[in-house]
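A.B. asks: Before I ask anything, here is the structure I am working with.
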Amino acid sequence: MRSSSSDISEPKTVALPSSSLPLWDDDPANAQNWGRFKKIYNTAVPSLLCLLISFALAIYSPSHSHVQEAFHTSTTKSLVPFAMYVYGLAFGPMIAAPISETYGRRFIYLVMTPIAMFFILGAGFAHNLATLAVCRLLAGMFISAPLAVGAGTIMDVWSGQATGRGVTLLMTTAFLGPAIGSLIGGWIAQYKDWRWSQWTTLFLGAAFWIFSMGAQESYAQPLIRRRAAKLGLPVPPSPIPPGVAGIQMMLTVTLARPVYMIFTEPIVSLCSMYSSLNFSVLFCFLACVPLVYTDVYGFTPGQCGLVFIALALGCLLGSVGLLVADHYTMARHLQLHPGGGIAPPPERVLWAAMIGGLLMPVALFWFAWTSTSHVHWMSSIVAIGLFGCSNIMVFVSWQILVSLNIETRTLTLLPVARYRLLSTSPGCMGPSSELLRWPLMAY
């Protein structure tokens with residue numbers, strides 16, 4: 001493992017293919033030279049697409065009982081499409097990250113999202129559980145591309161501490177998706193057929209895709225290759241070789257290397273295990289909240305969806321905590337090292353994680369202890385908000401730490417994509433195991 005000596009906020013330097021090529025640092029096409037409005041817009045595009053990803057995940061959960069009735073299956077099997085979507089989210093970024101190195105970020109946003117919407121459309125028209133599960137799996141694979149590419153766009157566009165704020169915004173929208181999806185999904189489950197959970201996702205995805213059509217390419221490497229080809233200069237080689245060698249490389253970096261890193265990179269293995277536990281608990285909340293507030297407090301499905309407003313507020317509070325911690329630690333570093341000659345250590349991002357790590361078990365114990373008919377329902381809802389706050393503080397801190405400490409080799413976004421694979425895939429069994437345990441537990 002190689003510890004990075006540079007902060008996440010420092011812009012990347014791009015090697016030019018020839019001295020006769022115009023300097024990239026002063027080029028108007030360089031994302032660092034864009035105007036503020038253009039930067040904000042190109043930050044909003046991946047942020048909204050990340051919200052769509054988690055929205056599509058959560059909106060299905062309240063309607064799984066309707067799927068159970070429509071397809072005459074068990075409760076556990078009705079959650080298989082939910083689990084398949086999560087598996088798609090785990091493996092999708094591993095495919096999108098290397099592709100973006102060759103074709104750029106904009107290609108991922110404009111091509112992958114409509115493909116995912118076609119599979120969401122197929123899920124809405126599914127007439128059996130197998131079709132629904134397969135369509136959700138493929139939709140998750142294609143829709144998850146912004147999870148890996150979005151952070152790269154923000155690092156391309158912003159510099160300094162603004163980069164950390166942009167990454168926090170990206171992750172905040174991703175964590176707001178489950179709350180918004182469950183909120184809308186609850187009312188869909190109460191008044192509409194389960195297929196409307198897919199139609200709603202389709203409509204929202206179409207709106208976000210139309211909004212993203214104005215996005216500009218921010219990644220320097222494909223822009224420089226195109227500029228060199230246009231000027232007749234030597235073109236820098238693509239990170240992915242053509243033909244069989246490229247396929248072999250993608251299989252190696254997407255499948256073999258994550259397993260290798262579990263056993264050789266302690267930061268990756270520990271962060272992934274911790275984050276996978278957090279994801280499992282988050283997904284369990286999607287399944288157990290309707291059970292708790294329906295069985296214990298007599299809430300309707302729509303009212304159960306309103307409970308997730310607490311999760312959204314907690315995520316917003318946690319994002320504020322991340323920004324405050326980032327500002328404080330950077331100010332402290334500059335105070336100790338005036339002039340900024342020494343880069344801050346990567347571990348400075350863990351201050352927020354340490355706070356969130358203490359709050360998370362408190363929130364879980366609070367929720368479990370107060371989810372009874374003898375305690376007012378507001379108490380457990382506050383615990384859900386506290387969990388949302390602590391969860392985002394831990395996850396964002398871990399992701400930034402992994403990005404700073406893993407050697408990126410030739411593909412700049414693969415550390416993020418590998419971390420997604422290792423931390424997300426174990427969480428897919430959370431809701432199913434929660435429903436299996438529920439009848440065995442008593443208050």
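Numbering starts fresh at 1 for the residues of each chain in the structure tokens, the chains themselves are lettered A, B, ... in the order given, and ligands are numbered from 1 as they appear.
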Kindly provide the residues of region 275-369 of chain A that approach region 158-177 of chain A to within 10 Å, each paired with its closest atom pair and their distance in Å to one decimal, based on only C-alpha atoms, listed by chain and increasing number, as a Markdown table.
C.D. replies:
| residue | atom | partner | partner_atom | distance |
| --- | --- | --- | --- | --- |
| A:Leu282 | CA | A:Phe175 | CA | 9.9 |
| A:Phe308 | CA | A:Leu176 | CA | 9.6 |
| A:Ile309 | CA | A:Leu176 | CA | 9.3 |
| A:Leu311 | CA | A:Leu176 | CA | 7.9 |
| A:Ala312 | CA | A:Leu176 | CA | 5.4 |
| A:Leu313 | CA | A:Leu176 | CA | 8.7 |
| A:Gly314 | CA | A:Leu176 | CA | 9.4 |
| A:Cys315 | CA | A:Thr172 | CA | 6.5 |
| A:Leu316 | CA | A:Thr172 | CA | 6.9 |
| A:Leu317 | CA | A:Thr172 | CA | 9.8 |
| A:Gly318 | CA | A:Thr172 | CA | 8.6 |
| A:Ser319 | CA | A:Thr172 | CA | 6.4 |
| A:Val320 | CA | A:Thr168 | CA | 8.9 |
| A:Leu322 | CA | A:Thr168 | CA | 7.4 |
| A:Leu323 | CA | A:Arg165 | CA | 6.6 |
| A:Asp326 | CA | A:Gly164 | CA | 7.8 |
| A:His327 | CA | A:Gln161 | CA | 8.1 |
| A:Met330 | CA | A:Gln161 | CA | 8.5 |
| A:Val349 | CA | A:Gly164 | CA | 9.9 |
A.B. asks: Next, dump the selected residues to file, keeping only C-alpha atoms, as a PDB file, in the first residue's frame.
C.D. replies:
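This went into out-v1.pdb:
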ATOM      1  CA  LEU A 282     -29.354   0.843   6.188  1.00  0.00           C
ATOM      2  CA  PHE A 308     -37.977   8.311   6.425  1.00  0.00           C
ATOM      3  CA  ILE A 309     -38.054  12.109   6.560  1.00  0.00           C
ATOM      4  CA  LEU A 311     -33.429   9.692   7.808  1.00  0.00           C
ATOM      5  CA  ALA A 312     -33.191  12.509   5.244  1.00  0.00           C
ATOM      6  CA  LEU A 313     -32.812  15.170   7.931  1.00  0.00           C
ATOM      7  CA  GLY A 314     -30.139  13.070   9.609  1.00  0.00           C
ATOM      8  CA  CYS A 315     -28.202  12.799   6.343  1.00  0.00           C
ATOM      9  CA  LEU A 316     -28.341  16.565   5.886  1.00  0.00           C
ATOM     10  CA  LEU A 317     -27.123  17.092   9.440  1.00  0.00           C
ATOM     11  CA  GLY A 318     -24.312  14.594   8.881  1.00  0.00           C
ATOM     12  CA  SER A 319     -23.203  16.367   5.712  1.00  0.00           C
ATOM     13  CA  VAL A 320     -22.996  19.623   7.662  1.00  0.00           C
ATOM     14  CA  LEU A 322     -18.550  16.597   7.473  1.00  0.00           C
ATOM     15  CA  LEU A 323     -18.085  20.133   6.156  1.00  0.00           C
ATOM     16  CA  ASP A 326     -13.158  19.370   7.065  1.00  0.00           C
ATOM     17  CA  HIS A 327     -12.963  23.117   7.668  1.00  0.00           C
ATOM     18  CA  MET A 330      -7.744  22.081   7.443  1.00  0.00           C
ATOM     19  CA  VAL A 349     -10.708  12.977   7.202  1.00  0.00           C
TER      20      VAL A 349
END
A.B. asks: Excluding Leu350 (chain A) and residues on its chain fewer than 5 positions from it, collect all residues at most 10 Å away from it, counting only C-alpha atoms, and give them as a ChimeraX atom specification.
C.D. replies: /A:322,325-326,329,355-357,393-394,396-398,400-401
A.B. asks: Take the residues from that selection and write them out as a short mmCIF file (atom, residue, chain, number, x, y, z; two decimals), in the first residue's frame, keeping N, CA and C atoms.
C.D. replies:
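The result, written out as result_6.cif:
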data_model
loop_
_atom_site.label_atom_id
_atom_site.label_comp_id
_atom_site.auth_asym_id
_atom_site.auth_seq_id
_atom_site.Cartn_x
_atom_site.Cartn_y
_atom_site.Cartn_z
N LEU A 322 -19.72 16.88 8.31
CA LEU A 322 -18.55 16.60 7.47
C LEU A 322 -17.87 17.89 7.03
N ALA A 325 -16.13 19.51 10.05
CA ALA A 325 -14.91 18.79 10.40
C ALA A 325 -13.80 19.05 9.38
N ASP A 326 -14.16 19.09 8.10
CA ASP A 326 -13.16 19.37 7.07
C ASP A 326 -12.58 20.77 7.23
N THR A 329 -10.31 20.83 10.54
CA THR A 329 -9.04 20.11 10.43
C THR A 329 -8.09 20.80 9.46
N ILE A 355 -16.58 10.53 15.13
CA ILE A 355 -17.82 11.00 15.76
C ILE A 355 -18.99 10.12 15.34
N GLY A 356 -19.09 9.85 14.03
CA GLY A 356 -20.17 9.00 13.55
C GLY A 356 -20.10 7.59 14.08
N GLY A 357 -18.88 7.07 14.24
CA GLY A 357 -18.72 5.72 14.78
C GLY A 357 -19.22 5.59 16.20
N MET A 393 -21.57 10.21 7.88
CA MET A 393 -20.28 10.69 8.36
C MET A 393 -19.22 9.60 8.28
N VAL A 394 -19.60 8.38 8.59
CA VAL A 394 -18.66 7.27 8.52
C VAL A 394 -18.34 6.92 7.08
N VAL A 396 -18.67 8.54 4.08
CA VAL A 396 -17.95 9.52 3.27
C VAL A 396 -16.50 9.62 3.72
N SER A 397 -16.27 9.59 5.03
CA SER A 397 -14.90 9.66 5.53
C SER A 397 -14.08 8.47 5.08
N TRP A 398 -14.67 7.27 5.17
CA TRP A 398 -13.96 6.07 4.73
C TRP A 398 -13.65 6.13 3.24
N ILE A 400 -13.22 8.72 1.25
CA ILE A 400 -12.14 9.66 0.96
C ILE A 400 -10.81 9.09 1.41
N LEU A 401 -10.78 8.43 2.56
CA LEU A 401 -9.54 7.83 3.05
C LEU A 401 -9.03 6.76 2.09
#
A.B. asks: Can you tell me, as a ChimeraX atom specification, what residues are no more than 8 Å from Leu359 (chain A) when counting only C-alpha atoms, ignoring any on the same chain fewer than 3 positions away?
C.D. replies: /A:355-356,362-363,386-387,390
A.B. asks: For region 373-378 of chain A, find every residue with an atom within 9 Å (counting only C-alpha atoms), except residues of its own chain fewer than 5 positions away, and show them as a VMD selection string.
C.D. replies: chain A and resid 293 296 to 297 383 443
A.B. asks: Would you mind reading off the distance between CA of Met213 (chain A) and CA of Ser47 (chain A), one decimal, in Å?
C.D. replies: 14.1 Å
A.B. asks: With a cut-off of 12 Å, could you pull out the residues of region 47-140 of chain A touching region 300-303 of chain A and give me the nearest pair of atoms for each, distance in Å to one decimal, using only C-alpha atoms, ordered by chain and ascending number, as a Markdown table?
C.D. replies:
| residue | atom | partner | partner_atom | distance |
| --- | --- | --- | --- | --- |
| A:Ser61 | CA | A:Pro301 | CA | 11.0 |
| A:Pro62 | CA | A:Pro301 | CA | 7.3 |
| A:Ser63 | CA | A:Pro301 | CA | 9.2 |
| A:His64 | CA | A:Pro301 | CA | 11.7 |
| A:Ser65 | CA | A:Pro301 | CA | 10.9 |
| A:His66 | CA | A:Pro301 | CA | 11.8 |
A.B. asks: Could you save the residues just selected, with N, CA and C atoms, as a compact mmCIF listing (two decimals), in the first residue's frame?
C.D. replies:
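Output file result-v4.txt is given in full below:
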# COMPACT_ATOMS: atom_id res chain seq x y z
N SER A 61 -39.02 -1.26 -2.11
CA SER A 61 -39.21 -1.99 -0.86
C SER A 61 -40.63 -1.89 -0.29
N PRO A 62 -41.28 -0.72 -0.22
CA PRO A 62 -42.63 -0.69 0.34
C PRO A 62 -43.66 -1.49 -0.45
N SER A 63 -43.38 -1.75 -1.74
CA SER A 63 -44.36 -2.44 -2.58
C SER A 63 -44.08 -3.93 -2.73
N HIS A 64 -43.10 -4.44 -1.99
CA HIS A 64 -42.75 -5.86 -2.19
C HIS A 64 -43.90 -6.79 -1.79
N SER A 65 -44.77 -6.35 -0.87
CA SER A 65 -45.91 -7.19 -0.50
C SER A 65 -46.89 -7.31 -1.67
N HIS A 66 -47.01 -6.26 -2.47
CA HIS A 66 -47.86 -6.33 -3.67
C HIS A 66 -47.26 -7.29 -4.70
A.B. asks: Rounded to one decimal in Å, what is the spacing between CA of Thr294 (chain A) and CA of Leu277 (chain A)?
C.D. replies: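 CA of Leu277 (chain A) lies at a distance of 25.6 Å from CA of Thr294 (chain A).
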A.B. asks: For each of A:Trp209, A:Ala179, A:Gln399, A:Ile224, take the minimum atom-to-atom distance to Cys304 (chain A), counting only C-alpha atoms, then give the residue where this is smallest.
C.D. replies: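 Under the stated criterion, the closest residue is A:Ala179.
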A.B. asks: Write out as an mmCIF file with C-alpha atoms, in the first residue's frame the residues lying within 12 Å of Leu270 (chain A), counting only C-alpha atoms and excluding same-chain residues fewer than 2 positions away.
C.D. replies:
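After the write, out-v7.cif holds the following:
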data_model
loop_
_atom_site.group_PDB
_atom_site.id
_atom_site.type_symbol
_atom_site.label_atom_id
_atom_site.label_comp_id
_atom_site.auth_asym_id
_atom_site.auth_seq_id
_atom_site.Cartn_x
_atom_site.Cartn_y
_atom_site.Cartn_z
ATOM 1 C CA MET A 261 -6.849 -6.225 -2.126
ATOM 2 C CA ILE A 262 -8.975 -7.717 0.648
ATOM 3 C CA PHE A 263 -5.988 -9.777 1.788
ATOM 4 C CA THR A 264 -3.184 -7.314 1.012
ATOM 5 C CA GLU A 265 -4.621 -3.848 1.749
ATOM 6 C CA PRO A 266 -5.628 -3.554 5.432
ATOM 7 C CA ILE A 267 -7.318 -0.185 4.926
ATOM 8 C CA VAL A 268 -9.437 -1.592 2.100
ATOM 9 C CA SER A 272 -15.031 -2.381 3.369
ATOM 10 C CA MET A 273 -16.158 -4.590 6.247
ATOM 11 C CA TYR A 274 -17.264 -1.600 8.298
ATOM 12 C CA SER A 275 -19.048 0.032 5.372
ATOM 13 C CA SER A 276 -20.727 -3.228 4.342
ATOM 14 C CA LEU A 277 -22.104 -3.521 7.881
ATOM 15 C CA TRP A 398 -13.958 6.075 4.733
ATOM 16 C CA GLN A 399 -14.379 6.606 1.004
ATOM 17 C CA LEU A 401 -9.539 7.832 3.050
ATOM 18 C CA VAL A 402 -9.516 4.871 0.661
ATOM 19 C CA TYR A 419 -14.454 0.051 -2.635
ATOM 20 C CA LEU A 422 -16.432 -4.637 -1.542
ATOM 21 C CA SER A 423 -18.679 -2.490 0.660
#
A.B. asks: Where does DSSP see alpha helix (DSSP H) in region 133-309 of chain A, if you list the residues as a ChimeraX atom specification?
C.D. replies: /A:133-143,145-157,161-191,195-212,220-231,244-251,257-264,266-295,301-309
A.B. asks: Quick one: residues within 7 Å of Thr370 (chain A), only C-alpha atoms counted, chain neighbours fewer than 4 positions away excluded, as a list in words?
C.D. replies: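 Once the adjacent positions are removed, what remains is Trp366, Val375, Ser379 and Ser380 of chain A.
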A.B. asks: Excluding region 29-37 of chain A and any residue of its chain fewer than 5 positions from it, enumerate the residues within 9 Å of it, using only C-alpha atoms, and give them as a list in words.
C.D. replies: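 Returned residues: Pro11, Trp24, Asn42, Asp156, Val157, Trp158, Ser159, Gln216, Glu217, Ser218, Tyr219, Ala220 and Leu223 of chain A.
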A.B. asks: Put those residues in a file: C-alpha atoms, as a compact mmCIF listing (two decimals), in the first residue's frame.
C.D. replies:
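Output file result38.txt is given in full below:
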# COMPACT_ATOMS: atom_id res chain seq x y z
CA PRO A 11 -5.98 18.99 -8.93
CA TRP A 24 -3.53 22.42 -20.89
CA ASN A 42 -21.65 19.88 -14.03
CA ASP A 156 -11.85 17.41 -12.42
CA VAL A 157 -13.95 20.54 -11.93
CA TRP A 158 -13.04 21.81 -8.47
CA SER A 159 -9.80 22.43 -6.61
CA GLN A 216 -19.57 18.94 -20.71
CA GLU A 217 -16.64 16.54 -20.73
CA SER A 218 -14.44 17.27 -17.71
CA TYR A 219 -11.83 14.49 -17.87
CA ALA A 220 -8.58 15.74 -19.36
CA LEU A 223 -9.92 15.68 -24.36
A.B. asks: Kindly indicate which residue among A:Leu306, A:Ala245, A:Ala139, A:Ala331 lies nearest to Leu57 (chain A), using only C-alpha atoms for the distances.
C.D. replies: A:Ala139
A.B. asks: Using only C-alpha atoms, which of A:Ala207, A:Ala123, A:Ala352, A:Leu147 sits nearest Ala90 (chain A)?
C.D. replies: A:Leu147
A.B. asks: Please determine, counting only C-alpha atoms, which residue among A:Gly321, A:Pro146, A:Pro344, A:Pro178 has the shortest atom-to-atom distance to Phe285 (chain A).
C.D. replies: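 For Phe285 (chain A), the nearest of the candidates is A:Pro178.
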A.B. asks: What does the distance from CA of Gln68 (chain A) to CA of Thr113 (chain A) come to in Å, to one decimal?
C.D. replies: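 Straight-line distance from CA of Gln68 (chain A) to CA of Thr113 (chain A) works out to 28.3 Å.
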A.B. asks: Pick from A:Trp351, A:Ser54, A:Ile381, A:Asp193: nearest to Val324 (chain A), with only C-alpha atoms counted?
C.D. replies: A:Trp351
A.B. asks: Considering only C-alpha atoms, state which residue in the set A:Ala83, A:Ala44, A:Met360, A:Ala228 is at the smallest distance from Gly140 (chain A).
C.D. replies: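 Using only C-alpha atoms, Gly140 (chain A) sits closest to A:Ala83.
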